$ cat run.txt   # compact mmCIF, C-alpha atoms and all ligand atoms
# COMPACT_ATOMS: atom_id res chain seq x y z
CA MET A 1491 97.72 120.45 68.74
CA ALA A 1492 99.26 117.40 67.15
CA ASN A 1493 99.06 114.15 69.06
CA THR A 1494 101.97 113.28 71.29
CA ASP A 1495 102.99 109.62 71.10
CA PHE A 1496 105.07 109.47 74.20
CA SER A 1497 105.32 111.14 77.62
CA VAL A 1498 108.27 110.43 79.86
CA ILE A 1499 107.80 111.17 83.56
CA ILE A 1500 111.00 111.86 85.48
CA PRO A 1501 110.71 112.69 89.19
CA VAL A 1502 113.80 114.57 90.34
CA TYR A 1503 115.05 115.28 93.84
CA ASN A 1504 118.61 116.57 94.13
CA GLU A 1505 119.69 115.10 90.79
CA GLU A 1506 121.89 117.91 89.43
CA ASP A 1507 124.60 115.47 88.34
CA ASN A 1508 122.19 113.38 86.27
CA ILE A 1509 119.85 115.79 84.49
CA GLN A 1510 121.93 116.39 81.36
CA LEU A 1511 122.80 112.73 80.94
CA ILE A 1512 119.28 111.38 81.39
CA TYR A 1513 118.09 114.07 78.97
CA ASN A 1514 120.67 113.03 76.36
CA ARG A 1515 119.96 109.33 76.70
CA LEU A 1516 116.19 109.76 76.65
CA THR A 1517 116.22 112.03 73.60
CA SER A 1518 118.43 109.62 71.67
CA VAL A 1519 116.05 106.75 72.55
CA MET A 1520 113.04 108.82 71.46
CA GLU A 1521 114.78 109.67 68.18
CA GLN A 1522 115.46 105.99 67.55
CA LEU A 1523 111.80 105.23 68.18
CA LYS A 1524 110.80 108.04 65.80
CA VAL A 1525 107.98 109.21 68.06
CA SER A 1526 106.72 112.64 69.03
CA TYR A 1527 107.34 113.05 72.74
CA GLU A 1528 107.41 115.21 75.82
CA LEU A 1529 109.70 114.92 78.84
CA ILE A 1530 108.09 115.94 82.11
CA PHE A 1531 110.49 116.66 84.96
CA ILE A 1532 108.86 116.94 88.36
CA ASN A 1533 111.10 118.79 90.76
CA ASP A 1534 110.22 117.38 94.16
CA GLY A 1535 111.65 120.18 96.32
CA SER A 1536 115.31 119.75 95.34
CA LYS A 1537 117.81 121.71 97.40
CA ASP A 1538 120.53 121.73 94.71
CA ASN A 1539 120.72 123.11 91.19
CA THR A 1540 118.26 120.60 89.70
CA LEU A 1541 115.47 123.07 88.99
CA ALA A 1542 117.73 125.57 87.20
CA LEU A 1543 119.08 122.80 84.96
CA VAL A 1544 115.62 121.53 84.10
CA LYS A 1545 114.36 125.04 83.37
CA ALA A 1546 117.35 125.68 81.10
CA LEU A 1547 116.41 122.58 79.09
CA ALA A 1548 112.77 123.70 79.00
CA ASN A 1549 113.82 127.08 77.64
CA GLN A 1550 115.68 125.43 74.78
CA LYS A 1551 113.15 122.75 73.90
CA SER A 1552 109.40 123.14 73.83
CA ASN A 1553 108.82 119.45 74.52
CA VAL A 1554 110.58 119.66 77.89
CA LYS A 1555 108.05 120.32 80.64
CA PHE A 1556 108.72 121.00 84.27
CA ILE A 1557 106.54 120.96 87.36
CA ASP A 1558 108.10 122.54 90.42
CA PHE A 1559 106.59 121.46 93.76
CA SER A 1560 106.35 123.85 96.69
CA ARG A 1561 108.34 121.35 98.80
CA ASN A 1562 109.38 117.69 98.90
CA PHE A 1563 106.25 115.55 98.59
CA GLY A 1564 107.89 112.21 97.86
CA HIS A 1565 108.61 110.10 94.82
CA GLN A 1566 105.19 108.46 94.40
CA ILE A 1567 103.45 111.84 94.53
CA ALA A 1568 105.92 113.37 92.07
CA VAL A 1569 105.14 110.55 89.64
CA SER A 1570 101.41 111.07 90.23
CA ALA A 1571 101.77 114.74 89.26
CA GLY A 1572 103.46 113.60 86.05
CA ILE A 1573 100.62 111.20 85.37
CA ASP A 1574 98.05 113.95 85.94
CA ASN A 1575 99.76 116.16 83.36
CA ALA A 1576 100.98 113.72 80.71
CA ILE A 1577 99.30 113.91 77.32
CA GLY A 1578 101.08 111.06 75.48
CA GLU A 1579 99.44 107.91 74.14
CA THR A 1580 102.10 105.91 75.97
CA ILE A 1581 103.57 107.04 79.27
CA CYS A 1582 106.93 106.03 80.67
CA ILE A 1583 107.92 106.37 84.35
CA ILE A 1584 111.67 106.40 84.88
CA ASP A 1585 114.14 107.37 87.64
CA ALA A 1586 116.51 110.25 86.94
CA ASP A 1587 119.60 108.55 88.37
CA LEU A 1588 120.08 106.21 85.36
CA GLN A 1589 119.49 103.11 87.47
CA ASP A 1590 116.75 102.40 84.97
CA PRO A 1591 118.49 102.24 81.57
CA PRO A 1592 116.56 104.43 79.10
CA GLU A 1593 117.61 102.16 76.20
CA LEU A 1594 115.34 99.43 77.61
CA ILE A 1595 112.40 101.60 76.58
CA ILE A 1596 112.98 100.42 73.00
CA ASP A 1597 112.22 96.78 73.93
CA MET A 1598 109.41 97.84 76.20
CA TYR A 1599 107.77 99.95 73.51
CA GLN A 1600 107.82 96.94 71.21
CA LYS A 1601 105.49 95.17 73.67
CA ILE A 1602 103.16 98.17 73.77
CA LYS A 1603 102.95 97.95 69.98
CA GLU A 1604 102.08 94.26 70.35
CA GLY A 1605 99.03 95.40 72.29
CA TYR A 1606 100.02 95.36 75.95
CA ASP A 1607 98.80 98.14 78.25
CA VAL A 1608 101.51 97.82 80.89
CA VAL A 1609 105.11 96.80 80.35
CA TYR A 1610 107.12 96.88 83.54
CA ALA A 1611 110.85 96.34 83.91
CA LYS A 1612 111.76 93.45 86.16
CA ARG A 1613 115.12 93.56 87.91
CA LYS A 1614 117.33 90.52 87.52
CA LYS A 1615 120.29 91.96 89.37
CA ARG A 1616 120.60 95.13 91.38
CA ALA A 1617 124.10 96.47 91.20
CA GLY A 1618 125.26 99.16 93.56
CA ASP A 1619 122.45 98.87 96.08
CA PHE A 1620 123.24 98.14 99.72
CA PRO A 1621 122.77 94.33 100.13
CA PRO A 1622 120.43 94.52 103.19
CA LYS A 1623 118.24 96.91 101.17
CA ILE A 1624 118.04 94.35 98.35
CA TRP A 1625 117.17 91.54 100.78
CA ALA A 1626 114.59 93.64 102.60
CA ALA A 1627 113.01 94.56 99.26
CA LYS A 1628 112.96 90.92 98.13
CA ILE A 1629 111.27 89.80 101.35
CA PHE A 1630 108.81 92.69 101.23
CA TYR A 1631 107.72 92.02 97.64
CA ARG A 1632 107.10 88.39 98.47
CA ILE A 1633 105.12 89.12 101.65
CA LEU A 1634 103.01 91.65 99.76
CA ALA A 1635 102.40 89.14 96.96
CA LYS A 1636 101.06 86.69 99.57
CA LEU A 1637 98.85 89.29 101.22
CA THR A 1638 97.01 90.52 98.14
CA SER A 1639 94.28 88.76 96.23
CA PHE A 1640 95.70 89.83 92.85
CA PRO A 1641 99.32 89.48 91.75
CA ILE A 1642 101.60 92.48 92.28
CA PRO A 1643 104.75 91.66 90.30
CA VAL A 1644 107.83 91.04 92.45
CA ASP A 1645 111.22 92.77 92.00
CA THR A 1646 109.93 95.68 89.99
CA GLY A 1647 110.10 99.37 90.71
CA ASP A 1648 108.08 102.03 88.99
CA PHE A 1649 110.11 101.91 85.75
CA ARG A 1650 107.42 100.99 83.23
CA LEU A 1651 105.42 101.94 80.18
CA ILE A 1652 101.68 102.35 80.53
CA SER A 1653 98.97 103.13 78.01
CA LYS A 1654 96.71 106.15 78.12
CA GLN A 1655 93.85 103.87 79.15
CA ILE A 1656 95.70 102.92 82.35
CA VAL A 1657 96.54 106.57 82.98
CA GLU A 1658 92.88 107.54 82.78
CA VAL A 1659 92.00 104.95 85.44
CA LEU A 1660 94.94 105.98 87.65
CA LYS A 1661 93.75 109.59 87.60
CA GLN A 1662 90.45 108.46 89.06
CA MET A 1663 91.93 106.49 91.94
CA PRO A 1664 91.46 108.75 94.95
CA GLU A 1665 93.86 107.38 97.56
CA LYS A 1666 96.38 109.84 98.96
CA SER A 1667 98.86 107.15 100.03
CA LYS A 1668 100.09 106.13 96.63
CA TYR A 1669 101.59 102.76 95.85
CA LEU A 1670 101.55 103.08 92.09
CA ARG A 1671 102.92 99.67 91.14
CA GLY A 1672 100.13 98.11 93.25
CA GLN A 1673 97.48 100.36 91.75
CA ILE A 1674 98.63 99.55 88.23
CA ALA A 1675 98.59 95.81 88.95
CA TRP A 1676 95.12 96.19 90.47
CA ILE A 1677 93.79 97.92 87.34
CA GLY A 1678 94.46 94.87 85.17
CA PHE A 1679 94.30 94.90 81.33
CA LYS A 1680 97.14 93.20 79.47
CA GLN A 1681 100.38 93.38 81.42
CA THR A 1682 103.81 91.99 80.70
CA PHE A 1683 107.44 92.67 81.54
CA VAL A 1684 110.98 92.74 80.22
CA GLU A 1685 113.96 91.81 82.37
CA PHE A 1686 117.05 93.90 83.00
CA ASP A 1687 120.07 94.23 85.27
CA ARG A 1688 119.76 97.31 87.41
CA ASP A 1689 122.79 99.58 87.20
CA PRO A 1690 124.25 101.51 90.11
CA ARG A 1691 123.18 105.12 90.47
CA PHE A 1692 125.16 107.45 88.17
CA GLY A 1693 125.62 110.63 90.23
CA GLY A 1694 124.47 111.79 93.65
CA LYS A 1695 123.12 109.52 96.34
CA SER A 1696 119.90 107.63 96.98
CA ASN A 1697 117.11 109.78 98.33
CA TYR A 1698 114.99 106.91 99.48
CA THR A 1699 115.80 106.84 103.16
CA PHE A 1700 114.86 103.86 105.28
CA ARG A 1701 111.91 105.86 106.64
CA LYS A 1702 110.59 106.60 103.13
CA LEU A 1703 110.97 102.94 102.14
CA LEU A 1704 109.14 101.77 105.25
CA LYS A 1705 106.30 104.19 104.51
CA LEU A 1706 106.12 102.95 100.91
CA ALA A 1707 106.02 99.34 102.14
CA LEU A 1708 103.23 100.12 104.62
CA ASP A 1709 101.31 102.05 101.95
CA GLY A 1710 101.60 98.97 99.76
CA ILE A 1711 100.32 96.62 102.43
CA THR A 1712 97.54 98.78 103.88
CA GLY A 1713 96.42 99.87 100.42
CA PHE A 1714 95.97 96.38 99.07
CA SER A 1715 95.32 93.98 101.94
CA ASP A 1716 93.19 93.62 105.07
CA ILE A 1717 95.01 90.51 106.19
CA PRO A 1718 97.08 92.30 108.92
CA LEU A 1719 93.80 93.34 110.58
CA LYS A 1720 92.52 89.79 110.41
CA VAL A 1721 95.76 88.51 111.92
CA VAL A 1722 95.17 90.82 114.90
CA THR A 1723 91.68 89.38 115.36
CA TYR A 1724 92.78 85.76 115.09
CA PHE A 1725 95.76 86.25 117.32
CA GLY A 1726 93.55 87.95 119.93
CA LEU A 1727 91.19 85.01 119.75
CA LEU A 1728 94.02 82.55 120.27
CA VAL A 1729 95.42 84.45 123.26
CA SER A 1730 91.92 84.72 124.78
CA ILE A 1731 91.34 80.99 124.51
CA PHE A 1732 94.68 80.36 126.15
CA ALA A 1733 93.85 82.91 128.90
CA PHE A 1734 90.50 81.23 129.56
CA LEU A 1735 92.06 77.78 129.94
CA MET A 1736 94.76 79.23 132.19
CA SER A 1737 92.13 80.86 134.41
CA LEU A 1738 90.30 77.55 134.80
CA TYR A 1739 93.55 75.92 135.82
CA VAL A 1740 94.38 78.68 138.32
CA LEU A 1741 90.86 78.63 139.85
CA TRP A 1742 90.97 74.86 140.11
CA GLY A 1743 94.30 75.07 141.93
CA ARG A 1744 93.04 77.80 144.27
CA PHE A 1745 89.63 76.45 145.30
CA ILE A 1746 89.43 72.74 144.50
CA SER A 1747 92.79 71.07 144.83
CA ASN A 1748 93.85 73.74 147.35
CA ASN A 1749 97.52 73.37 146.58
CA HIS A 1750 97.76 76.68 144.72
CA VAL A 1751 101.19 78.02 144.01
CA PRO A 1752 101.95 81.36 145.72
CA ALA A 1753 101.82 84.32 143.29
CA GLY A 1754 104.79 84.04 140.99
CA TRP A 1755 106.47 87.33 140.24
CA ALA A 1756 108.20 86.07 137.10
CA SER A 1757 105.10 84.61 135.49
CA THR A 1758 103.05 87.72 136.33
CA ILE A 1759 105.56 90.12 134.84
CA ILE A 1760 106.04 88.00 131.74
CA SER A 1761 102.34 87.70 131.03
CA VAL A 1762 101.69 91.42 131.64
CA LEU A 1763 104.53 92.44 129.31
CA PHE A 1764 103.55 89.87 126.71
CA ILE A 1765 99.94 90.99 126.61
CA GLY A 1766 101.03 94.64 126.68
CA GLY A 1767 103.31 94.10 123.67
CA ILE A 1768 100.73 92.20 121.68
CA GLN A 1769 98.12 94.88 122.34
CA MET A 1770 100.44 97.66 121.26
CA ILE A 1771 101.23 95.86 118.01
CA GLY A 1772 97.52 95.34 117.40
CA ILE A 1773 96.73 99.00 118.05
CA GLY A 1774 99.67 100.02 115.85
CA ILE A 1775 98.38 97.94 112.94
CA ILE A 1776 94.91 99.44 113.28
CA GLY A 1777 96.55 102.87 113.56
CA GLU A 1778 98.35 102.42 110.23
CA TYR A 1779 95.01 101.90 108.53
CA ILE A 1780 93.30 104.72 110.41
CA SER A 1781 96.01 107.24 109.65
CA ARG A 1782 95.63 106.52 105.95
CA MET A 1783 91.86 106.85 106.19
CA ASN A 1784 92.46 110.16 107.92
CA HIS A 1785 94.64 111.37 105.04
CA ASP A 1786 91.98 110.39 102.55
CA LEU A 1787 89.22 112.05 104.58
CA ARG A 1788 91.05 115.35 104.94
CA ASN A 1789 91.20 115.35 101.19
CA ARG A 1790 93.94 117.94 100.93
CA PRO A 1791 95.54 118.42 97.51
CA LEU A 1792 98.03 115.65 96.82
CA TYR A 1793 100.74 118.18 95.89
CA ILE A 1794 101.19 121.90 95.48
CA ILE A 1795 102.73 123.29 92.31
CA LYS A 1796 104.86 126.39 92.70
CA GLU A 1797 105.64 126.86 89.02
CA THR A 1798 105.15 124.94 85.79
CA ASN A 1799 105.25 125.38 82.03
CA VAL A 1800 102.58 122.72 81.45
CA LYS A 1801 99.57 124.24 79.79
CA LYS A 1802 96.28 122.63 80.67
N1 LIG A 1901 112.83 111.08 94.20
C1 LIG A 1901 111.85 112.05 94.34
N2 LIG A 1901 111.48 112.44 95.60
C2 LIG A 1901 112.02 111.88 96.74
C3 LIG A 1901 112.99 110.87 96.57
C4 LIG A 1901 113.36 110.48 95.29
O1 LIG A 1901 111.33 112.57 93.36
O2 LIG A 1901 111.65 112.28 97.84
C5 LIG A 1901 113.25 110.66 92.83
C6 LIG A 1901 114.74 110.64 92.57
O3 LIG A 1901 115.21 111.88 92.11
C7 LIG A 1901 114.87 109.54 91.53
C8 LIG A 1901 113.76 108.58 91.89
O4 LIG A 1901 112.82 109.33 92.67
O5 LIG A 1901 114.65 110.02 90.23
C9 LIG A 1901 114.28 107.36 92.66
O6 LIG A 1901 114.93 107.80 93.84
P1 LIG A 1901 116.27 107.09 94.37
O7 LIG A 1901 117.20 106.82 93.25
O8 LIG A 1901 116.78 107.93 95.51
O9 LIG A 1901 115.69 105.74 94.94
P2 LIG A 1901 116.40 104.29 94.91
O10 LIG A 1901 116.77 104.03 93.48
O11 LIG A 1901 117.59 104.40 95.79
O12 LIG A 1901 115.35 103.37 95.44
MG MG A 1902 117.94 105.19 92.38

$ encode --input "run.txt" --output "structure tokens" --more "lines below"
Ligand code: UDP
Ligand code: MG
Amino acid sequence: MANTDFSVIIPVYNEEDNIQLIYNRLTSVMEQLKVSYELIFINDGSKDNTLALVKALANQKSNVKFIDFSRNFGHQIAVSAGIDNAIGETICIIDADLQDPPELIIDMYQKIKEGYDVVYAKRKKRAGDFPPKIWAAKIFYRILAKLTSFPIPVDTGDFRLISKQIVEVLKQMPEKSKYLRGQIAWIGFKQTFVEFDRDPRFGGKSNYTFRKLLKLALDGITGFSDIPLKVVTYFGLLVSIFAFLMSLYVLWGRFISNNHVPAGWASTIISVLFIGGIQMIGIGIIGEYISRMNHDLRNRPLYIIKETNVKK
């Protein structure tokens, strides 16, 4: 089989309004680039007409591939399935909702030709997103950047071009809780970015619920930093030192100066609740790490494919 220059990975979940348009825009970009290419749509358990539309495209064009999951596994896993099956020399990850403008791929591909292995798209402005979501994302990216020992670029999603070399490493990374932009930053090689203004979603509505975003954020933190665990230890140490000094003071009042204050209800309740809260947070943080270890240990398949036209 002839070499394929370019693979485009498009995870789709309830994107029936966007399939035809993203297909048109991507094909016109690929034609401008004059590359041989494949488009891989990963249907992540859509409940609308998405799969039928993708299959119709695949029936017309042999370079349109589809992977249909048995249920909704989540965006990061859908992209991982694309990565596992892509055969191109350069791989592009892009959202189906046209928030990532396909035309930017032309500038990004230029950088790949200059010898970069990763070219990610950095958001200057994010139109059409709910402002608290933008702020939360901004704060999160900056906290994560502080927590990790290597730089994870801020204000970038998964829209990027990566070389085959990066893909080969990604395929070997075994974690089940995927935070791809972190993994790609961790891999290294030559990385750069181009800037763009993020458009509002074209059709449909965002499928990243607050719960999914929180999980992604926690996957990012637990996957790339042990600092939260250390904070628990240090905070425990601090509280213990304080408790020890307090006990000395209380014992001194009770037995030596003999003017001890009668048991205070308020102070007792406050300290019990305070310690209770701190302990729960500590256990919760440890739990976040343990639950991810548990996922990795069970070693279940990352996703289940119901149907595909990708030949291995
Ligand atoms: N997506 C997916 N599975 C999901 C949620 C989203 O494959 O469970 C896809 C979705 O179809 C889109 C991309 O991931 O192509 C980004 O999702 P969305 O636009 O909802 O996220 P946002 O841009 O709001 O962060
Ligand atoms: Mg979107």

$ closest_residue --input "run.txt" --among "A:Gly1572, A:Gly1672, A:Gly1693, A:Pro1641" --to "Ile1711 in chain A" --atoms "all atoms listed in the file"
A:Gly1672

$ residues_around --input "run.txt" --residues "Asp1786 in chain A" --least-positions-apart "3" --cutoff "12 Å" --atoms "all atoms listed in the file" --output "ChimeraX atom specification"
/A:1663-1668,1713,1779-1783,1789-1792

$ write_last_selection --input "run.txt" --atoms "C-alpha atoms" --output "short mmCIF file (atom, residue, chain, number, x, y, z; two decimals), keeping the file's coordinate frame"
data_model
loop_
_atom_site.label_atom_id
_atom_site.label_comp_id
_atom_site.auth_asym_id
_atom_site.auth_seq_id
_atom_site.Cartn_x
_atom_site.Cartn_y
_atom_site.Cartn_z
CA MET A 1663 91.93 106.49 91.94
CA PRO A 1664 91.46 108.75 94.95
CA GLU A 1665 93.86 107.38 97.56
CA LYS A 1666 96.38 109.84 98.96
CA SER A 1667 98.86 107.15 100.03
CA LYS A 1668 100.09 106.13 96.63
CA GLY A 1713 96.42 99.87 100.42
CA TYR A 1779 95.01 101.90 108.53
CA ILE A 1780 93.30 104.72 110.41
CA SER A 1781 96.01 107.24 109.65
CA ARG A 1782 95.63 106.52 105.95
CA MET A 1783 91.86 106.85 106.19
CA ASN A 1789 91.20 115.35 101.19
CA ARG A 1790 93.94 117.94 100.93
CA PRO A 1791 95.54 118.42 97.51
CA LEU A 1792 98.03 115.65 96.82
#

$ closest_atom_pairs --input "run.txt" --of "chain A" --to "ligand MG 1902 (chain A)" --cutoff "12 Å" --atoms "only C-alpha atoms and all ligand atoms" --output "JSON lines"
{"residue": "A:Ile1500", "atom": "CA", "partner": "A:MG1902", "partner_atom": "MG", "distance": 11.8}
{"residue": "A:Pro1501", "atom": "CA", "partner": "A:MG1902", "partner_atom": "MG", "distance": 10.9}
{"residue": "A:Val1502", "atom": "CA", "partner": "A:MG1902", "partner_atom": "MG", "distance": 10.5}
{"residue": "A:Tyr1503", "atom": "CA", "partner": "A:MG1902", "partner_atom": "MG", "distance": 10.6}
{"residue": "A:Asn1504", "atom": "CA", "partner": "A:MG1902", "partner_atom": "MG", "distance": 11.5}
{"residue": "A:Glu1505", "atom": "CA", "partner": "A:MG1902", "partner_atom": "MG", "distance": 10.2}
{"residue": "A:Asn1508", "atom": "CA", "partner": "A:MG1902", "partner_atom": "MG", "distance": 11.1}
{"residue": "A:His1565", "atom": "CA", "partner": "A:MG1902", "partner_atom": "MG", "distance": 10.8}
{"residue": "A:Ile1584", "atom": "CA", "partner": "A:MG1902", "partner_atom": "MG", "distance": 9.9}
{"residue": "A:Asp1585", "atom": "CA", "partner": "A:MG1902", "partner_atom": "MG", "distance": 6.5}
{"residue": "A:Ala1586", "atom": "CA", "partner": "A:MG1902", "partner_atom": "MG", "distance": 7.6}
{"residue": "A:Asp1587", "atom": "CA", "partner": "A:MG1902", "partner_atom": "MG", "distance": 5.5}
{"residue": "A:Leu1588", "atom": "CA", "partner": "A:MG1902", "partner_atom": "MG", "distance": 7.4}
{"residue": "A:Gln1589", "atom": "CA", "partner": "A:MG1902", "partner_atom": "MG", "distance": 5.6}
{"residue": "A:Asp1590", "atom": "CA", "partner": "A:MG1902", "partner_atom": "MG", "distance": 8.0}
{"residue": "A:Pro1591", "atom": "CA", "partner": "A:MG1902", "partner_atom": "MG", "distance": 11.2}
{"residue": "A:Arg1616", "atom": "CA", "partner": "A:MG1902", "partner_atom": "MG", "distance": 10.5}
{"residue": "A:Ala1617", "atom": "CA", "partner": "A:MG1902", "partner_atom": "MG", "distance": 10.7}
{"residue": "A:Gly1618", "atom": "CA", "partner": "A:MG1902", "partner_atom": "MG", "distance": 9.6}
{"residue": "A:Asp1619", "atom": "CA", "partner": "A:MG1902", "partner_atom": "MG", "distance": 8.6}
{"residue": "A:Phe1620", "atom": "CA", "partner": "A:MG1902", "partner_atom": "MG", "distance": 11.5}
{"residue": "A:Gly1647", "atom": "CA", "partner": "A:MG1902", "partner_atom": "MG", "distance": 9.9}
{"residue": "A:Asp1648", "atom": "CA", "partner": "A:MG1902", "partner_atom": "MG", "distance": 10.9}
{"residue": "A:Phe1649", "atom": "CA", "partner": "A:MG1902", "partner_atom": "MG", "distance": 10.8}
{"residue": "A:Arg1688", "atom": "CA", "partner": "A:MG1902", "partner_atom": "MG", "distance": 9.5}
{"residue": "A:Asp1689", "atom": "CA", "partner": "A:MG1902", "partner_atom": "MG", "distance": 9.0}
{"residue": "A:Pro1690", "atom": "CA", "partner": "A:MG1902", "partner_atom": "MG", "distance": 7.6}
{"residue": "A:Arg1691", "atom": "CA", "partner": "A:MG1902", "partner_atom": "MG", "distance": 5.6}
{"residue": "A:Phe1692", "atom": "CA", "partner": "A:MG1902", "partner_atom": "MG", "distance": 8.7}
{"residue": "A:Gly1693", "atom": "CA", "partner": "A:MG1902", "partner_atom": "MG", "distance": 9.7}
{"residue": "A:Gly1694", "atom": "CA", "partner": "A:MG1902", "partner_atom": "MG", "distance": 9.4}
{"residue": "A:Lys1695", "atom": "CA", "partner": "A:MG1902", "partner_atom": "MG", "distance": 7.8}
{"residue": "A:Ser1696", "atom": "CA", "partner": "A:MG1902", "partner_atom": "MG", "distance": 5.6}
{"residue": "A:Asn1697", "atom": "CA", "partner": "A:MG1902", "partner_atom": "MG", "distance": 7.6}
{"residue": "A:Tyr1698", "atom": "CA", "partner": "A:MG1902", "partner_atom": "MG", "distance": 7.9}
{"residue": "A:Thr1699", "atom": "CA", "partner": "A:MG1902", "partner_atom": "MG", "distance": 11.1}

$ axis_aligned_box --input "run.txt" --around "ligand LIG 1901 (chain A)" --padding-each-side "3 Å" --output "AutoDock Vina command-line options"
--center_x 114.5 --center_y 108.0 --center_z 94.0 --size_x 12.3 --size_y 15.2 --size_z 13.6

$ residues_around --input "run.txt" --residues "Asn1562 in chain A" --least-positions-apart "6" --cutoff "9 Å" --atoms "only C-alpha atoms" --output "list in words"
Tyr1503, Asn1533, Asp1534, Gly1535, Ser1536 and Ala1568 of chain A

$ atom_distance --input "run.txt" --atom1 "CA of Asp1495 in chain A" --atom2 "CA of Thr1580 in chain A"
6.2 Å

$ build_atoms --input "run.txt" --residues "range 1758-1773 of chain A" --atoms "N, CA, C and O atoms" --output "mmCIF file, keeping the file's coordinate frame"
data_model
loop_
_atom_site.group_PDB
_atom_site.id
_atom_site.type_symbol
_atom_site.label_atom_id
_atom_site.label_comp_id
_atom_site.auth_asym_id
_atom_site.auth_seq_id
_atom_site.Cartn_x
_atom_site.Cartn_y
_atom_site.Cartn_z
ATOM 1 N N THR A 1758 103.941 86.550 136.423
ATOM 2 C CA THR A 1758 103.050 87.720 136.330
ATOM 3 C C THR A 1758 103.655 88.772 135.405
ATOM 4 O O THR A 1758 102.997 89.265 134.479
ATOM 5 N N ILE A 1759 104.909 89.089 135.668
ATOM 6 C CA ILE A 1759 105.560 90.120 134.840
ATOM 7 C C ILE A 1759 105.588 89.709 133.379
ATOM 8 O O ILE A 1759 105.235 90.487 132.481
ATOM 9 N N ILE A 1760 105.944 88.444 133.137
ATOM 10 C CA ILE A 1760 106.040 88.000 131.740
ATOM 11 C C ILE A 1760 104.683 88.114 131.052
ATOM 12 O O ILE A 1760 104.573 88.642 129.944
ATOM 13 N N SER A 1761 103.625 87.651 131.735
ATOM 14 C CA SER A 1761 102.340 87.700 131.030
ATOM 15 C C SER A 1761 101.878 89.141 130.831
ATOM 16 O O SER A 1761 101.336 89.476 129.776
ATOM 17 N N VAL A 1762 102.122 90.020 131.818
ATOM 18 C CA VAL A 1762 101.690 91.420 131.640
ATOM 19 C C VAL A 1762 102.433 92.050 130.457
ATOM 20 O O VAL A 1762 101.821 92.678 129.588
ATOM 21 N N LEU A 1763 103.750 91.844 130.403
ATOM 22 C CA LEU A 1763 104.530 92.440 129.310
ATOM 23 C C LEU A 1763 104.127 91.848 127.964
ATOM 24 O O LEU A 1763 104.013 92.548 126.964
ATOM 25 N N PHE A 1764 103.919 90.534 127.953
ATOM 26 C CA PHE A 1764 103.550 89.870 126.710
ATOM 27 C C PHE A 1764 102.241 90.439 126.171
ATOM 28 O O PHE A 1764 102.161 90.863 125.011
ATOM 29 N N ILE A 1765 101.243 90.474 127.046
ATOM 30 C CA ILE A 1765 99.940 90.990 126.610
ATOM 31 C C ILE A 1765 100.061 92.459 126.199
ATOM 32 O O ILE A 1765 99.515 92.894 125.188
ATOM 33 N N GLY A 1766 100.835 93.229 127.006
ATOM 34 C CA GLY A 1766 101.030 94.640 126.680
ATOM 35 C C GLY A 1766 101.617 94.800 125.289
ATOM 36 O O GLY A 1766 101.136 95.591 124.482
ATOM 37 N N GLY A 1767 102.645 94.029 124.981
ATOM 38 C CA GLY A 1767 103.310 94.100 123.670
ATOM 39 C C GLY A 1767 102.365 93.757 122.545
ATOM 40 O O GLY A 1767 102.257 94.483 121.552
ATOM 41 N N ILE A 1768 101.653 92.648 122.726
ATOM 42 C CA ILE A 1768 100.730 92.200 121.680
ATOM 43 C C ILE A 1768 99.656 93.261 121.426
ATOM 44 O O ILE A 1768 99.321 93.569 120.279
ATOM 45 N N GLN A 1769 99.172 93.859 122.512
ATOM 46 C CA GLN A 1769 98.120 94.880 122.340
ATOM 47 C C GLN A 1769 98.656 96.094 121.594
ATOM 48 O O GLN A 1769 97.982 96.640 120.723
ATOM 49 N N MET A 1770 99.862 96.503 121.946
ATOM 50 C CA MET A 1770 100.440 97.660 121.260
ATOM 51 C C MET A 1770 100.600 97.394 119.777
ATOM 52 O O MET A 1770 100.312 98.254 118.940
ATOM 53 N N ILE A 1771 101.063 96.189 119.437
ATOM 54 C CA ILE A 1771 101.230 95.860 118.010
ATOM 55 C C ILE A 1771 99.869 95.924 117.319
ATOM 56 O O ILE A 1771 99.717 96.508 116.237
ATOM 57 N N GLY A 1772 98.869 95.343 117.980
ATOM 58 C CA GLY A 1772 97.520 95.340 117.400
ATOM 59 C C GLY A 1772 97.026 96.753 117.167
ATOM 60 O O GLY A 1772 96.539 97.098 116.084
ATOM 61 N N ILE A 1773 97.195 97.608 118.173
ATOM 62 C CA ILE A 1773 96.730 99.000 118.050
ATOM 63 C C ILE A 1773 97.525 99.702 116.942
ATOM 64 O O ILE A 1773 96.971 100.461 116.148
#
